[in-house]
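Asker: File work_17.cif follows (mmCIF, C-alpha atoms):
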data_structure
loop_
_atom_site.label_atom_id
_atom_site.label_comp_id
_atom_site.auth_asym_id
_atom_site.auth_seq_id
_atom_site.Cartn_x
_atom_site.Cartn_y
_atom_site.Cartn_z
CA MET N 7 4.18 31.86 1.95
CA ALA N 8 2.28 34.37 4.04
CA GLU N 9 5.46 35.26 5.91
CA HIS N 10 7.06 36.31 2.62
CA GLY N 11 4.02 38.24 1.45
CA LEU N 12 3.30 35.98 -1.55
CA SER N 13 0.05 34.41 -2.56
CA GLU N 14 -0.07 30.69 -3.16
CA ARG N 15 -0.63 31.26 -6.87
CA ARG N 16 2.37 33.57 -7.24
CA ALA N 17 4.70 31.38 -5.16
CA CYS N 18 3.82 28.29 -7.18
CA LYS N 19 4.36 30.20 -10.41
CA LEU N 20 7.81 31.38 -9.25
CA LEU N 21 8.80 27.84 -8.28
CA GLU N 22 7.21 26.40 -11.44
CA VAL N 23 5.10 24.00 -9.39
CA ASP N 24 1.50 23.20 -10.20
CA ARG N 25 -0.85 24.42 -7.49
CA ILE N 26 -2.65 21.08 -7.53
CA SER N 27 0.68 19.35 -6.78
CA TYR N 28 1.31 21.77 -3.93
CA ARG N 29 -2.08 21.04 -2.37
CA TYR N 30 -2.00 17.27 -2.95
CA GLU N 31 -2.60 15.09 0.10
CA PRO N 32 -2.20 11.34 -0.39
CA LYS N 33 -5.10 9.07 0.50
CA PRO N 34 -4.66 6.66 3.41
CA ASP N 35 -3.57 3.14 2.49
CA ARG N 36 -6.68 0.98 2.54
CA ASN N 37 -4.64 -2.22 2.22
CA GLU N 38 -2.72 -1.74 5.48
CA GLU N 39 -4.97 -4.00 7.56
CA LEU N 40 -4.89 -6.67 4.84
CA ARG N 41 -1.10 -6.39 4.62
CA GLN N 42 -0.75 -6.83 8.39
CA LYS N 43 -2.99 -9.92 8.32
CA LEU N 44 -0.94 -11.34 5.43
CA ILE N 45 2.32 -10.83 7.30
CA GLU N 46 0.84 -12.46 10.39
CA LEU N 47 -0.30 -15.49 8.36
CA ALA N 48 3.01 -15.65 6.48
CA LYS N 49 4.93 -15.83 9.75
CA GLN N 50 2.81 -18.81 10.76
CA LYS N 51 3.14 -20.48 7.34
CA PRO N 52 6.47 -19.23 5.89
CA ARG N 53 6.46 -21.58 2.90
CA TYR N 54 3.07 -20.48 1.61
CA ALA N 55 2.92 -18.22 -1.44
CA TYR N 56 0.35 -15.45 -1.67
CA ARG N 57 -2.24 -17.67 -3.38
CA ARG N 58 -2.25 -20.20 -0.57
CA LEU N 59 -2.37 -17.37 1.93
CA GLN N 60 -5.41 -16.08 0.05
CA ALA N 61 -7.14 -19.41 0.60
CA LEU N 62 -6.47 -19.08 4.34
CA LEU N 63 -7.65 -15.48 4.37
CA GLU N 64 -10.89 -16.31 2.59
CA ARG N 65 -12.02 -18.28 5.62
CA CYS N 66 -12.64 -15.05 7.50
CA TRP N 67 -12.33 -12.25 4.88
CA ARG N 68 -13.64 -11.67 1.42
CA VAL N 69 -10.59 -10.56 -0.57
CA ASN N 70 -10.28 -9.76 -4.25
CA HIS N 71 -7.28 -11.59 -5.75
CA LYS N 72 -6.02 -8.42 -7.46
CA ARG N 73 -6.16 -6.43 -4.24
CA LEU N 74 -4.33 -9.21 -2.41
CA ARG N 75 -1.59 -9.29 -5.05
CA ARG N 76 -1.22 -5.48 -4.88
CA ALA N 77 -0.91 -5.69 -1.09
CA CYS N 78 1.85 -8.29 -1.41
CA ILE N 79 3.77 -6.44 -4.11
CA GLY N 80 3.17 -2.98 -2.67
CA LYS N 81 5.56 -3.16 0.28
CA SER N 82 7.96 -5.69 -1.28
CA THR N 83 6.40 -8.58 0.62
CA TRP N 84 6.05 -10.60 -2.56
CA GLN N 85 6.72 -13.81 -0.71
CA CYS N 86 4.77 -12.36 2.20
CA GLY N 87 7.14 -12.92 5.06
CA ALA N 88 9.50 -15.54 3.60
CA SER N 89 12.76 -14.88 5.36
CA SER N 90 16.30 -15.14 4.03
CA GLU N 91 16.89 -17.95 6.54
CA SER N 92 14.87 -20.45 4.48
CA VAL N 93 17.53 -21.13 1.83
#
Write out the structure in this file as structure tokens.

Answerer:
Amino acid sequence: MAEHGLSERRACKLLEVDRISYRYEPKPDRNEELRQKLIELAKQKPRYAYRRLQALLERCWRVNHKRLRRACIGKSTWQCGASSESV
């Protein structure tokens, strides 16, 4: 914007974009470590659903069931590592 000689406010108004949307920076994913652990467990136990994986996880982690479900659904790992080979 500075190279065109426009202020942020004026440029956003011309483009009809909210300034808050322009400045938005997404927060880091706090479920990434949990998701990686789930995928690792799911590869070891491919037939386990997320609830049984939660029971395994609870041996070493304290995990809220809603957060675990969000982590599974979030990156389309609903069956948490179940492959298409197991038909």

Asker: Around the point (-7.4, -13.0, 0.7) (coordinates from the file), which residues reach within 7 Å if we count only C-alpha atoms? Answer as number ranges by chain.

Answerer: N: 59-61, 63-64, 67-71, 74

Asker: Please indicate the distance in Å from CA of Glu9 (chain N) to CA of Glu31 (chain N), rounded to one decimal place.

Answerer: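 Taking CA of Glu9 (chain N) and CA of Glu31 (chain N), their separation equals 22.5 Å.
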
Asker: To one decimal place in Å, what is the distance between CA of Asn37 (chain N) and CA of Ala77 (chain N)?

Answerer: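 About the pair CA of Asn37 (chain N) and CA of Ala77 (chain N): they are 6.1 Å apart.
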
Asker: So how far away is CA of Arg73 (chain N) from CA of Leu47 (chain N), in Å?

Answerer: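 Between CA of Leu47 (chain N) and CA of Arg73 (chain N) the gap is 16.6 Å.
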
Asker: Region 20-60 of chain N from the block above, N, CA and C atoms, as a PDB file, in the first residue's frame, please?

Answerer:
ATOM      1  N   LEU N  20     -11.454   1.308  -0.481  1.00  0.00           N
ATOM      2  CA  LEU N  20     -11.559   1.152  -1.938  1.00  0.00           C
ATOM      3  C   LEU N  20     -11.875  -0.290  -2.330  1.00  0.00           C
ATOM      4  N   LEU N  21     -11.253  -1.221  -1.619  1.00  0.00           N
ATOM      5  CA  LEU N  21     -11.463  -2.643  -1.916  1.00  0.00           C
ATOM      6  C   LEU N  21     -12.687  -3.227  -1.224  1.00  0.00           C
ATOM      7  N   GLU N  22     -13.329  -2.399  -0.381  1.00  0.00           N
ATOM      8  CA  GLU N  22     -14.495  -2.825   0.396  1.00  0.00           C
ATOM      9  C   GLU N  22     -14.170  -4.040   1.270  1.00  0.00           C
ATOM     10  N   VAL N  23     -13.035  -3.927   1.951  1.00  0.00           N
ATOM     11  CA  VAL N  23     -12.577  -4.970   2.876  1.00  0.00           C
ATOM     12  C   VAL N  23     -12.479  -4.340   4.257  1.00  0.00           C
ATOM     13  N   ASP N  24     -12.981  -5.049   5.262  1.00  0.00           N
ATOM     14  CA  ASP N  24     -12.851  -4.550   6.624  1.00  0.00           C
ATOM     15  C   ASP N  24     -11.380  -4.534   7.019  1.00  0.00           C
ATOM     16  N   ARG N  25     -10.973  -3.491   7.717  1.00  0.00           N
ATOM     17  CA  ARG N  25      -9.581  -3.400   8.152  1.00  0.00           C
ATOM     18  C   ARG N  25      -9.236  -4.532   9.107  1.00  0.00           C
ATOM     19  N   ILE N  26     -10.190  -4.943   9.915  1.00  0.00           N
ATOM     20  CA  ILE N  26      -9.921  -6.022  10.866  1.00  0.00           C
ATOM     21  C   ILE N  26      -9.661  -7.333  10.115  1.00  0.00           C
ATOM     22  N   SER N  27     -10.353  -7.523   8.982  1.00  0.00           N
ATOM     23  CA  SER N  27     -10.119  -8.719   8.165  1.00  0.00           C
ATOM     24  C   SER N  27      -8.744  -8.664   7.511  1.00  0.00           C
ATOM     25  N   TYR N  28      -8.334  -7.471   7.121  1.00  0.00           N
ATOM     26  CA  TYR N  28      -7.032  -7.289   6.493  1.00  0.00           C
ATOM     27  C   TYR N  28      -5.903  -7.604   7.472  1.00  0.00           C
ATOM     28  N   ARG N  29      -6.092  -7.221   8.726  1.00  0.00           N
ATOM     29  CA  ARG N  29      -5.051  -7.407   9.729  1.00  0.00           C
ATOM     30  C   ARG N  29      -5.103  -8.763  10.435  1.00  0.00           C
ATOM     31  N   TYR N  30      -6.116  -9.560  10.159  1.00  0.00           N
ATOM     32  CA  TYR N  30      -6.325 -10.821  10.868  1.00  0.00           C
ATOM     33  C   TYR N  30      -5.157 -11.783  10.676  1.00  0.00           C
ATOM     34  N   GLU N  31      -4.686 -12.351  11.777  1.00  0.00           N
ATOM     35  CA  GLU N  31      -3.674 -13.405  11.739  1.00  0.00           C
ATOM     36  C   GLU N  31      -4.225 -14.595  12.511  1.00  0.00           C
ATOM     37  N   PRO N  32      -4.357 -15.742  11.877  1.00  0.00           N
ATOM     38  CA  PRO N  32      -4.920 -16.903  12.558  1.00  0.00           C
ATOM     39  C   PRO N  32      -4.034 -17.374  13.708  1.00  0.00           C
ATOM     40  N   LYS N  33      -4.682 -17.917  14.728  1.00  0.00           N
ATOM     41  CA  LYS N  33      -3.952 -18.438  15.880  1.00  0.00           C
ATOM     42  C   LYS N  33      -3.362 -19.796  15.518  1.00  0.00           C
ATOM     43  N   PRO N  34      -2.251 -20.165  16.137  1.00  0.00           N
ATOM     44  CA  PRO N  34      -1.675 -21.482  15.855  1.00  0.00           C
ATOM     45  C   PRO N  34      -2.602 -22.594  16.344  1.00  0.00           C
ATOM     46  N   ASP N  35      -2.561 -23.715  15.665  1.00  0.00           N
ATOM     47  CA  ASP N  35      -3.420 -24.854  16.003  1.00  0.00           C
ATOM     48  C   ASP N  35      -2.897 -25.527  17.260  1.00  0.00           C
ATOM     49  N   ARG N  36      -3.663 -25.458  18.343  1.00  0.00           N
ATOM     50  CA  ARG N  36      -3.205 -26.041  19.593  1.00  0.00           C
ATOM     51  C   ARG N  36      -3.491 -27.536  19.678  1.00  0.00           C
ATOM     52  N   ASN N  37      -4.190 -28.080  18.679  1.00  0.00           N
ATOM     53  CA  ASN N  37      -4.485 -29.509  18.674  1.00  0.00           C
ATOM     54  C   ASN N  37      -3.507 -30.303  17.816  1.00  0.00           C
ATOM     55  N   GLU N  38      -2.508 -29.661  17.259  1.00  0.00           N
ATOM     56  CA  GLU N  38      -1.600 -30.334  16.329  1.00  0.00           C
ATOM     57  C   GLU N  38      -0.849 -31.491  16.997  1.00  0.00           C
ATOM     58  N   GLU N  39      -0.321 -31.259  18.193  1.00  0.00           N
ATOM     59  CA  GLU N  39       0.402 -32.315  18.895  1.00  0.00           C
ATOM     60  C   GLU N  39      -0.523 -33.482  19.224  1.00  0.00           C
ATOM     61  N   LEU N  40      -1.740 -33.167  19.661  1.00  0.00           N
ATOM     62  CA  LEU N  40      -2.736 -34.200  19.954  1.00  0.00           C
ATOM     63  C   LEU N  40      -3.073 -34.981  18.692  1.00  0.00           C
ATOM     64  N   ARG N  41      -3.254 -34.275  17.574  1.00  0.00           N
ATOM     65  CA  ARG N  41      -3.588 -34.926  16.310  1.00  0.00           C
ATOM     66  C   ARG N  41      -2.473 -35.872  15.870  1.00  0.00           C
ATOM     67  N   GLN N  42      -1.220 -35.445  16.037  1.00  0.00           N
ATOM     68  CA  GLN N  42      -0.090 -36.302  15.664  1.00  0.00           C
ATOM     69  C   GLN N  42      -0.047 -37.559  16.525  1.00  0.00           C
ATOM     70  N   LYS N  43      -0.307 -37.406  17.814  1.00  0.00           N
ATOM     71  CA  LYS N  43      -0.329 -38.559  18.726  1.00  0.00           C
ATOM     72  C   LYS N  43      -1.471 -39.509  18.357  1.00  0.00           C
ATOM     73  N   LEU N  44      -2.628 -38.946  17.993  1.00  0.00           N
ATOM     74  CA  LEU N  44      -3.758 -39.776  17.570  1.00  0.00           C
ATOM     75  C   LEU N  44      -3.421 -40.575  16.314  1.00  0.00           C
ATOM     76  N   ILE N  45      -2.804 -39.934  15.357  1.00  0.00           N
ATOM     77  CA  ILE N  45      -2.448 -40.616  14.111  1.00  0.00           C
ATOM     78  C   ILE N  45      -1.442 -41.724  14.382  1.00  0.00           C
ATOM     79  N   GLU N  46      -0.488 -41.439  15.268  1.00  0.00           N
ATOM     80  CA  GLU N  46       0.503 -42.451  15.638  1.00  0.00           C
ATOM     81  C   GLU N  46      -0.173 -43.664  16.292  1.00  0.00           C
ATOM     82  N   LEU N  47      -1.093 -43.412  17.225  1.00  0.00           N
ATOM     83  CA  LEU N  47      -1.820 -44.506  17.878  1.00  0.00           C
ATOM     84  C   LEU N  47      -2.710 -45.251  16.888  1.00  0.00           C
ATOM     85  N   ALA N  48      -3.353 -44.507  15.986  1.00  0.00           N
ATOM     86  CA  ALA N  48      -4.265 -45.119  15.021  1.00  0.00           C
ATOM     87  C   ALA N  48      -3.524 -46.025  14.050  1.00  0.00           C
ATOM     88  N   LYS N  49      -2.278 -45.694  13.751  1.00  0.00           N
ATOM     89  CA  LYS N  49      -1.494 -46.566  12.870  1.00  0.00           C
ATOM     90  C   LYS N  49      -1.142 -47.867  13.576  1.00  0.00           C
ATOM     91  N   GLN N  50      -0.961 -47.801  14.891  1.00  0.00           N
ATOM     92  CA  GLN N  50      -0.681 -49.011  15.663  1.00  0.00           C
ATOM     93  C   GLN N  50      -1.939 -49.856  15.848  1.00  0.00           C
ATOM     94  N   LYS N  51      -3.077 -49.185  16.020  1.00  0.00           N
ATOM     95  CA  LYS N  51      -4.357 -49.864  16.261  1.00  0.00           C
ATOM     96  C   LYS N  51      -5.380 -49.377  15.231  1.00  0.00           C
ATOM     97  N   PRO N  52      -5.291 -49.820  13.979  1.00  0.00           N
ATOM     98  CA  PRO N  52      -6.128 -49.265  12.910  1.00  0.00           C
ATOM     99  C   PRO N  52      -7.627 -49.509  13.072  1.00  0.00           C
ATOM    100  N   ARG N  53      -8.016 -50.482  13.847  1.00  0.00           N
ATOM    101  CA  ARG N  53      -9.449 -50.768  13.996  1.00  0.00           C
ATOM    102  C   ARG N  53     -10.103 -49.990  15.126  1.00  0.00           C
ATOM    103  N   TYR N  54      -9.330 -49.278  15.891  1.00  0.00           N
ATOM    104  CA  TYR N  54      -9.877 -48.517  17.016  1.00  0.00           C
ATOM    105  C   TYR N  54     -10.537 -47.236  16.532  1.00  0.00           C
ATOM    106  N   ALA N  55     -11.699 -46.940  17.094  1.00  0.00           N
ATOM    107  CA  ALA N  55     -12.368 -45.661  16.834  1.00  0.00           C
ATOM    108  C   ALA N  55     -11.785 -44.626  17.793  1.00  0.00           C
ATOM    109  N   TYR N  56     -12.232 -43.378  17.654  1.00  0.00           N
ATOM    110  CA  TYR N  56     -11.608 -42.326  18.452  1.00  0.00           C
ATOM    111  C   TYR N  56     -11.855 -42.494  19.947  1.00  0.00           C
ATOM    112  N   ARG N  57     -12.950 -43.127  20.343  1.00  0.00           N
ATOM    113  CA  ARG N  57     -13.206 -43.299  21.780  1.00  0.00           C
ATOM    114  C   ARG N  57     -12.246 -44.302  22.415  1.00  0.00           C
ATOM    115  N   ARG N  58     -11.927 -45.349  21.689  1.00  0.00           N
ATOM    116  CA  ARG N  58     -10.958 -46.312  22.224  1.00  0.00           C
ATOM    117  C   ARG N  58      -9.561 -45.722  22.215  1.00  0.00           C
ATOM    118  N   LEU N  59      -9.288 -44.898  21.212  1.00  0.00           N
ATOM    119  CA  LEU N  59      -7.998 -44.211  21.176  1.00  0.00           C
ATOM    120  C   LEU N  59      -7.892 -43.234  22.344  1.00  0.00           C
ATOM    121  N   GLN N  60      -9.027 -42.654  22.731  1.00  0.00           N
ATOM    122  CA  GLN N  60      -9.022 -41.747  23.878  1.00  0.00           C
ATOM    123  C   GLN N  60      -8.634 -42.506  25.143  1.00  0.00           C
TER     124      GLN N  60
END
